[in-house]
Each structure stands twice: as C-alpha cells, then as structure tokens.
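Engineer: Dropping the structure in here first, questions after.
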Amino acid sequence: MSKSFEDKVIIITGAGSGLGQVTAVTVAKDGAKLALVDLNSNGLEETKKLILEVAPEAELLLVTANVADEAAVKNYVDETVNKFGRIDGFFNNAGIEGKQNLTEDFGIDEFHKVVNVNLNGVFYGLKYVLAEMKKNGAGSVVNTASVGGIRGVGNQSGYSASKHGVVGLTRNSGIEYGQFGININAIAPGAIMTPMVEASLKQIGGEEGWEEAGKEFVSANPMKRFGKPQEVANVVAFLLSDESKFVNASVITIDGGQSYKY
Ligand code: NAD
C-alpha cells in the first residue's frame, strides 16, 4: 500500500456506487480518511465494506444526503470538519442521467431534477468546501462533468446543460482559487460501465437488448470498449494528489479518444 493520501481527508459524493465507490476504495488503500456521501445509505454501507476489506484501519464517515439540498450539503461539510478537522480533497461527483428524450418532450420537471442534482449540487459543494479549504491554504477538487459536458450527445437536455455547467463552474472556480493553493479540475468520462450506463443502455435497448445496444455503442469508440471505473478512479486519485498541483481549471477527458474523433 502506498501512503500518498496518508492523513489526507477526502469527501466523495455519489460514493455509494460506480465511479465514486471505486475512487473511494482506491484512495482509502493509499491511506485517505474519507467522508462518503450518497442519497443511498445501502450503497454507502457496501462501499464501507469494500474499503474495510482492503484498508481495515481506514477512518470513515458515512453521510446520507441529497446533494441537491443546500442545507444537506452544508451539513456533510460541517460533519466532515467536525470529525476530521479539515478537508484536503473533494470528489464532487454525484449525478444522475435523467430520462432520454427529444428537447420538446424532455419535460420541465425532468430538466429541473437533473440540473438540481448535477449542477446545483456541484455548486453547493464548491461553495462550502472551498471556504473550508481556503482557511487551510490548500486543497484539490475534482468535479465530475462528462463528454456530455463538452460535446452534444442528443436526447439529454438536462444532462447536457448541467454537465456543460459543471465545466463552466470548474473553469471559473479554478481561476479564482489557484491563488489560495487550491486546484480545481473536472473529469469528462465517456461511457464507463457503471450502473448508470447500464440503465442508460436499457433506455435504448430494453431489458432484452441492452447488451446488444452496448456493443453497437462502443463500435464507434477508437478503443472499441467501455471504460472501466478503475480507469477513472486512477485519474481522479492523481488529480486529488499532490502530484498534480499545477493542473488547474482543466477538463480531462477519459473516453478512449472518442470525443476527438470526427
Ligand atoms: P452511479 O449511478 O453508479 O452512481 C451515482 C451515485 O450518485 C449513486 O450512488 C447515487 O445514489 C448517487 N446520487 C444520485 N443522486 C444523488 C443525490 N441527489 N445526492 C446524493 N447522491 C446521489 O453512476 P456513475 O456512473 O458512477 O456516475 C457518477 C458520476 O459520473 C455522475 O455525475 C455521472 O453523471 C458521471 N459520469 C458517468 C459516466 C459513465 O459512463 N458512467 C460518464 C460520464 C459522467
């Protein structure tokens, strides 16, 4: 076990599944103390179990919270500081895809729901975490955008608007907070095989045809496959570490090169 995150306190939202869960296990193995935040408390318990299998000494705080609720965000930040005394890293990651539909049929409520979680939730997290990091004059933040935040994907009005917004927030806050020793970046994953992507393929191909829909989907990727959650977690861990402090306000694609293909 490397000790690169020893004594570092990291908050991860969306830690009960997918990219947040695998990242949590990855940085816990390297000594991080973690505040794990998710709407789904069963998911958080599962993540805790996975962490303790590889890092039995890990210090963990589990907070069931909705990132779209500003008071709940303030609370997970306060609880983290009360327990651990500081915040060194923040993986601002919780998100939902929403139902796929043409813009005219997307639905006003659906649009607000997706934007509330993916964009407002990320903003609330930045607001409260950055104030805390600024006091310490150090910190690293990784916001989860998407290739849907840098390219048009189609049928995803809420997702696209919110993820482009996450890119904007990242650039804006990155240039504001560099002077305080804080670097803020976004990741833009392509299709990574997590429960979210499985659900998305089921919207396209149904229960019977989703694996076939998946094969067709990746045929356009230069690497002809889905990404693995660990391949995202490795990049996030690097961006949260002291090794990447001069990377700031950047958007890092993790998509096998697909977003650069004509
Ligand atoms: P996932 O569904 O496996 O995990 C998302 C987690 O976020 C779940 O545990 C869920 O309970 C939690 N969550 C959802 N809404 C929440 C809320 N309001 N408050 C607190 N927690 C909430 O999905 P994932 O693939 O791991 O996605 C993680 C992030 O990565 C999302 O922001 C997603 O948009 C983004 N992303 C994923 C992919 C991909 O291919 N998997 C690609 C690009 C971007």
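Order determines the names: the first chain of the structure tokens is A, the second B, and so forth; residues in each chain are numbered 1 upward, and ligands are numbered 1 upward as they are shown.
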Taking the backbone alone, and naming residues the way the document does, which bits of stretch 24-252 of chain A are alpha helix (DSSP H) by DSSP, as number ranges by chain?
Structural biologist: A: 24-29, 41-54, 70-84, 108-115, 121-136, 157-177, 195-218, 229-240
Engineer: Within 8 Å of ligand 1, counting only C-alpha atoms and all ligand atoms, which protein or nucleic acid residues do you find, written as a PyMOL selection string?
Structural biologist: chain A and resi 13-21+37-40+43-44+64-69+93-97+116-118+121+144-148+159+163+187-197+227+229
Engineer: Contacts of A:Phe217 at 12 Å or less, counting only C-alpha atoms, minus same-chain residues fewer than 3 places along, as a list of chain:residue names?
Structural biologist: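 Once the nearby chain positions are removed, what remains is A:Gly190, A:Ala191, A:Ile192, A:Met193, A:Val197, A:Glu198, A:Ser200, A:Leu201, A:Ile204, A:Gly205, A:Trp210, A:Glu211, A:Glu212, A:Ala213, A:Gly214, A:Ala220, A:Asn221, A:Pro222, A:Met223, A:Lys224, A:Arg225, A:Phe226, A:Gln258.
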Engineer: Selected residues, N, CA and C atoms, written as a PDB file, in the first residue's frame, please.
Structural biologist:
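To be explicit, this is the file written out as selection_28.pdb:
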```pdb
ATOM      1  N   GLY A 190     -16.143   9.279 -20.809  1.00  0.00           N
ATOM      2  CA  GLY A 190     -17.049   8.771 -21.854  1.00  0.00           C
ATOM      3  C   GLY A 190     -17.902   7.687 -21.232  1.00  0.00           C
ATOM      4  N   ALA A 191     -18.209   6.661 -21.980  1.00  0.00           N
ATOM      5  CA  ALA A 191     -19.078   5.605 -21.438  1.00  0.00           C
ATOM      6  C   ALA A 191     -18.254   4.632 -20.606  1.00  0.00           C
ATOM      7  N   ILE A 192     -18.471   4.681 -19.315  1.00  0.00           N
ATOM      8  CA  ILE A 192     -17.773   3.814 -18.368  1.00  0.00           C
ATOM      9  C   ILE A 192     -18.815   2.842 -17.813  1.00  0.00           C
ATOM     10  N   MET A 193     -18.519   1.566 -17.775  1.00  0.00           N
ATOM     11  CA  MET A 193     -19.553   0.602 -17.397  1.00  0.00           C
ATOM     12  C   MET A 193     -19.839   0.640 -15.895  1.00  0.00           C
ATOM     13  N   VAL A 197     -24.650   3.645 -16.641  1.00  0.00           N
ATOM     14  CA  VAL A 197     -24.583   3.372 -18.084  1.00  0.00           C
ATOM     15  C   VAL A 197     -25.443   2.154 -18.435  1.00  0.00           C
ATOM     16  N   GLU A 198     -25.480   1.184 -17.541  1.00  0.00           N
ATOM     17  CA  GLU A 198     -26.357   0.025 -17.772  1.00  0.00           C
ATOM     18  C   GLU A 198     -27.813   0.506 -17.883  1.00  0.00           C
ATOM     19  N   SER A 200     -28.794   3.448 -18.734  1.00  0.00           N
ATOM     20  CA  SER A 200     -28.927   4.237 -19.950  1.00  0.00           C
ATOM     21  C   SER A 200     -29.120   3.322 -21.170  1.00  0.00           C
ATOM     22  N   LEU A 201     -28.343   2.238 -21.213  1.00  0.00           N
ATOM     23  CA  LEU A 201     -28.471   1.300 -22.342  1.00  0.00           C
ATOM     24  C   LEU A 201     -29.829   0.611 -22.315  1.00  0.00           C
ATOM     25  N   ILE A 204     -32.250   2.560 -24.112  1.00  0.00           N
ATOM     26  CA  ILE A 204     -32.104   2.460 -25.573  1.00  0.00           C
ATOM     27  C   ILE A 204     -32.565   1.087 -26.068  1.00  0.00           C
ATOM     28  N   GLY A 205     -32.077   0.019 -25.424  1.00  0.00           N
ATOM     29  CA  GLY A 205     -32.298  -1.328 -25.975  1.00  0.00           C
ATOM     30  C   GLY A 205     -33.288  -2.190 -25.202  1.00  0.00           C
ATOM     31  N   TRP A 210     -30.240  -4.643 -24.187  1.00  0.00           N
ATOM     32  CA  TRP A 210     -29.287  -3.600 -23.771  1.00  0.00           C
ATOM     33  C   TRP A 210     -27.837  -3.990 -24.000  1.00  0.00           C
ATOM     34  N   GLU A 211     -27.542  -5.311 -23.907  1.00  0.00           N
ATOM     35  CA  GLU A 211     -26.124  -5.696 -24.112  1.00  0.00           C
ATOM     36  C   GLU A 211     -25.743  -5.522 -25.588  1.00  0.00           C
ATOM     37  N   GLU A 212     -26.709  -5.837 -26.455  1.00  0.00           N
ATOM     38  CA  GLU A 212     -26.503  -5.634 -27.898  1.00  0.00           C
ATOM     39  C   GLU A 212     -26.326  -4.132 -28.186  1.00  0.00           C
ATOM     40  N   ALA A 213     -27.194  -3.320 -27.542  1.00  0.00           N
ATOM     41  CA  ALA A 213     -27.099  -1.859 -27.710  1.00  0.00           C
ATOM     42  C   ALA A 213     -25.722  -1.372 -27.246  1.00  0.00           C
ATOM     43  N   GLY A 214     -25.198  -1.994 -26.212  1.00  0.00           N
ATOM     44  CA  GLY A 214     -23.873  -1.640 -25.690  1.00  0.00           C
ATOM     45  C   GLY A 214     -22.790  -1.930 -26.715  1.00  0.00           C
ATOM     46  N   ALA A 220     -18.234   2.672 -32.073  1.00  0.00           N
ATOM     47  CA  ALA A 220     -17.741   3.992 -32.524  1.00  0.00           C
ATOM     48  C   ALA A 220     -16.522   4.452 -31.737  1.00  0.00           C
ATOM     49  N   ASN A 221     -16.197   3.739 -30.662  1.00  0.00           N
ATOM     50  CA  ASN A 221     -15.065   4.180 -29.822  1.00  0.00           C
ATOM     51  C   ASN A 221     -13.743   3.703 -30.423  1.00  0.00           C
ATOM     52  N   PRO A 222     -12.718   4.571 -30.470  1.00  0.00           N
ATOM     53  CA  PRO A 222     -11.420   4.140 -31.018  1.00  0.00           C
ATOM     54  C   PRO A 222     -10.882   2.890 -30.323  1.00  0.00           C
ATOM     55  N   MET A 223     -11.231   2.686 -29.064  1.00  0.00           N
ATOM     56  CA  MET A 223     -10.728   1.519 -28.337  1.00  0.00           C
ATOM     57  C   MET A 223     -11.723   0.363 -28.338  1.00  0.00           C
ATOM     58  N   LYS A 224     -12.882   0.591 -28.926  1.00  0.00           N
ATOM     59  CA  LYS A 224     -13.895  -0.463 -29.121  1.00  0.00           C
ATOM     60  C   LYS A 224     -14.332  -1.131 -27.817  1.00  0.00           C
ATOM     61  N   ARG A 225     -14.405  -0.356 -26.771  1.00  0.00           N
ATOM     62  CA  ARG A 225     -14.859  -0.921 -25.499  1.00  0.00           C
ATOM     63  C   ARG A 225     -15.345   0.183 -24.580  1.00  0.00           C
ATOM     64  N   PHE A 226     -16.056  -0.227 -23.526  1.00  0.00           N
ATOM     65  CA  PHE A 226     -16.399   0.710 -22.457  1.00  0.00           C
ATOM     66  C   PHE A 226     -15.167   0.942 -21.585  1.00  0.00           C
ATOM     67  N   GLN A 258     -12.647   9.111 -27.939  1.00  0.00           N
ATOM     68  CA  GLN A 258     -13.846   9.213 -28.790  1.00  0.00           C
ATOM     69  C   GLN A 258     -14.272  10.657 -29.068  1.00  0.00           C
TER      70      GLN A 258
END
```
Engineer: Between atom CA of A:Ala237 and atom CA of A:Lys8, what is the distance, to one decimal in Å?
Structural biologist: 12.0 Å
Engineer: Taking only C-alpha atoms into account, name the residue in A:Lys245, A:Ala161, A:Asn234, A:Lys127 that is nearest to A:Asp30.
Structural biologist: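 Ranking A:Lys245, A:Ala161, A:Asn234, A:Lys127 by distance to A:Asp30, first place goes to A:Asn234.
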Engineer: Given only C-alpha atoms as the basis, pick out the residue of A:Phe106, A:Phe180, A:Phe111, A:Phe5 nearest to A:Glu132.
Structural biologist: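 Under the stated criterion, the closest residue is A:Phe180.
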Engineer: Write out as a ChimeraX atom specification each polymer residue whose atoms come within 10 Å of A:Gly154, counting only C-alpha atoms; drop sequence neighbours fewer than 5 positions from it.
Structural biologist: /A:100-103,148,159-160
Engineer: Next, write the just-selected residues to a file, as an mmCIF file, in the first residue's frame, keeping C-alpha atoms as the atom set.
Structural biologist:
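In the end it all went to part-v9.cif:
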```
data_model
loop_
_atom_site.group_PDB
_atom_site.id
_atom_site.type_symbol
_atom_site.label_atom_id
_atom_site.label_comp_id
_atom_site.auth_asym_id
_atom_site.auth_seq_id
_atom_site.Cartn_x
_atom_site.Cartn_y
_atom_site.Cartn_z
ATOM 1 C CA GLN A 100 -33.694 10.402 -22.597
ATOM 2 C CA ASN A 101 -35.964 12.372 -24.884
ATOM 3 C CA LEU A 102 -36.058 14.987 -27.635
ATOM 4 C CA THR A 103 -35.835 18.539 -26.319
ATOM 5 C CA GLY A 148 -21.816 15.295 -22.490
ATOM 6 C CA TYR A 159 -27.688 16.206 -18.570
ATOM 7 C CA SER A 160 -26.039 18.252 -21.294
#
```
Engineer: Counting only C-alpha atoms, what is within 12 Å of A:Val251, bar same-chain residues fewer than 4 positions away, as a PyMOL selection string?
Structural biologist: chain A and resi 142-147+149-150+163-164+166-171+174+184-189+235-236+239+247
Engineer: Could the residues in this selection be written to a file with C-alpha atoms, as a compact mmCIF listing (two decimals), in the first residue's frame?
Structural biologist:
```
# COMPACT_ATOMS: atom_id res chain seq x y z
CA VAL A 142 -12.35 17.16 -8.93
CA ASN A 143 -15.80 17.84 -10.36
CA THR A 144 -17.45 15.14 -12.45
CA ALA A 145 -18.54 16.52 -15.80
CA SER A 146 -18.87 14.18 -18.80
CA VAL A 147 -18.18 14.11 -22.51
CA GLY A 149 -20.37 18.47 -20.94
CA ILE A 150 -18.05 19.19 -23.88
CA LYS A 163 -22.56 18.95 -17.37
CA HIS A 164 -21.63 21.93 -19.56
CA VAL A 166 -20.03 21.84 -14.38
CA VAL A 167 -17.27 22.62 -16.90
CA GLY A 168 -18.05 26.33 -16.53
CA LEU A 169 -18.02 26.18 -12.74
CA THR A 170 -14.69 24.33 -12.85
CA ARG A 171 -13.00 26.95 -15.04
CA GLY A 174 -10.21 27.16 -10.78
CA ILE A 184 -9.94 22.56 -9.27
CA ASN A 185 -10.39 20.32 -12.29
CA ALA A 186 -13.16 18.39 -14.00
CA ILE A 187 -13.17 14.93 -15.50
CA ALA A 188 -15.14 14.20 -18.64
CA PRO A 189 -15.62 10.44 -18.76
CA VAL A 235 -7.13 9.69 -12.88
CA VAL A 236 -9.23 11.16 -10.06
CA LEU A 239 -5.89 14.87 -9.61
CA VAL A 247 -3.06 21.15 -13.19
```
Engineer: Using the chain letters and numbers from this document, which residues of stretch 45-218 of chain A does DSSP assign to strand (DSSP E), as a list of chain:residue names?
Structural biologist: A:Leu60, A:Leu61, A:Leu62, A:Val63, A:Thr64, A:Gly89, A:Phe90, A:Phe91, A:Asn92, A:Gly139, A:Ser140, A:Val141, A:Val142, A:Asn143, A:Thr144, A:Ile182, A:Asn183, A:Ile184, A:Asn185, A:Ala186, A:Ile187, A:Ala188, A:Pro189
Engineer: Take the residues from that selection and write them out as a PDB file, in the first residue's frame, keeping C-alpha atoms.
Structural biologist:
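For reference, out-v6.pdb as written:
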```
ATOM      1  CA  LEU A  60     -14.674   6.680   7.542  1.00  0.00           C
ATOM      2  CA  LEU A  61     -17.642   8.993   7.946  1.00  0.00           C
ATOM      3  CA  LEU A  62     -20.845   7.968   6.156  1.00  0.00           C
ATOM      4  CA  VAL A  63     -23.368  10.725   5.435  1.00  0.00           C
ATOM      5  CA  THR A  64     -26.696  10.007   3.767  1.00  0.00           C
ATOM      6  CA  GLY A  89      -9.654  16.661  -1.294  1.00  0.00           C
ATOM      7  CA  PHE A  90     -13.149  16.778  -2.732  1.00  0.00           C
ATOM      8  CA  PHE A  91     -14.553  14.470  -5.434  1.00  0.00           C
ATOM      9  CA  ASN A  92     -17.745  16.382  -6.326  1.00  0.00           C
ATOM     10  CA  GLY A 139      -6.816  21.577  -1.387  1.00  0.00           C
ATOM     11  CA  SER A 140      -7.715  19.709  -4.559  1.00  0.00           C
ATOM     12  CA  VAL A 141     -11.151  19.414  -6.132  1.00  0.00           C
ATOM     13  CA  VAL A 142     -12.348  17.156  -8.931  1.00  0.00           C
ATOM     14  CA  ASN A 143     -15.804  17.836 -10.364  1.00  0.00           C
ATOM     15  CA  THR A 144     -17.450  15.140 -12.446  1.00  0.00           C
ATOM     16  CA  ILE A 182      -6.347  25.076  -4.391  1.00  0.00           C
ATOM     17  CA  ASN A 183      -6.554  23.377  -7.784  1.00  0.00           C
ATOM     18  CA  ILE A 184      -9.942  22.562  -9.272  1.00  0.00           C
ATOM     19  CA  ASN A 185     -10.392  20.323 -12.292  1.00  0.00           C
ATOM     20  CA  ALA A 186     -13.157  18.388 -13.998  1.00  0.00           C
ATOM     21  CA  ILE A 187     -13.168  14.929 -15.496  1.00  0.00           C
ATOM     22  CA  ALA A 188     -15.139  14.202 -18.644  1.00  0.00           C
ATOM     23  CA  PRO A 189     -15.621  10.437 -18.755  1.00  0.00           C
TER      24      PRO A 189
END
```
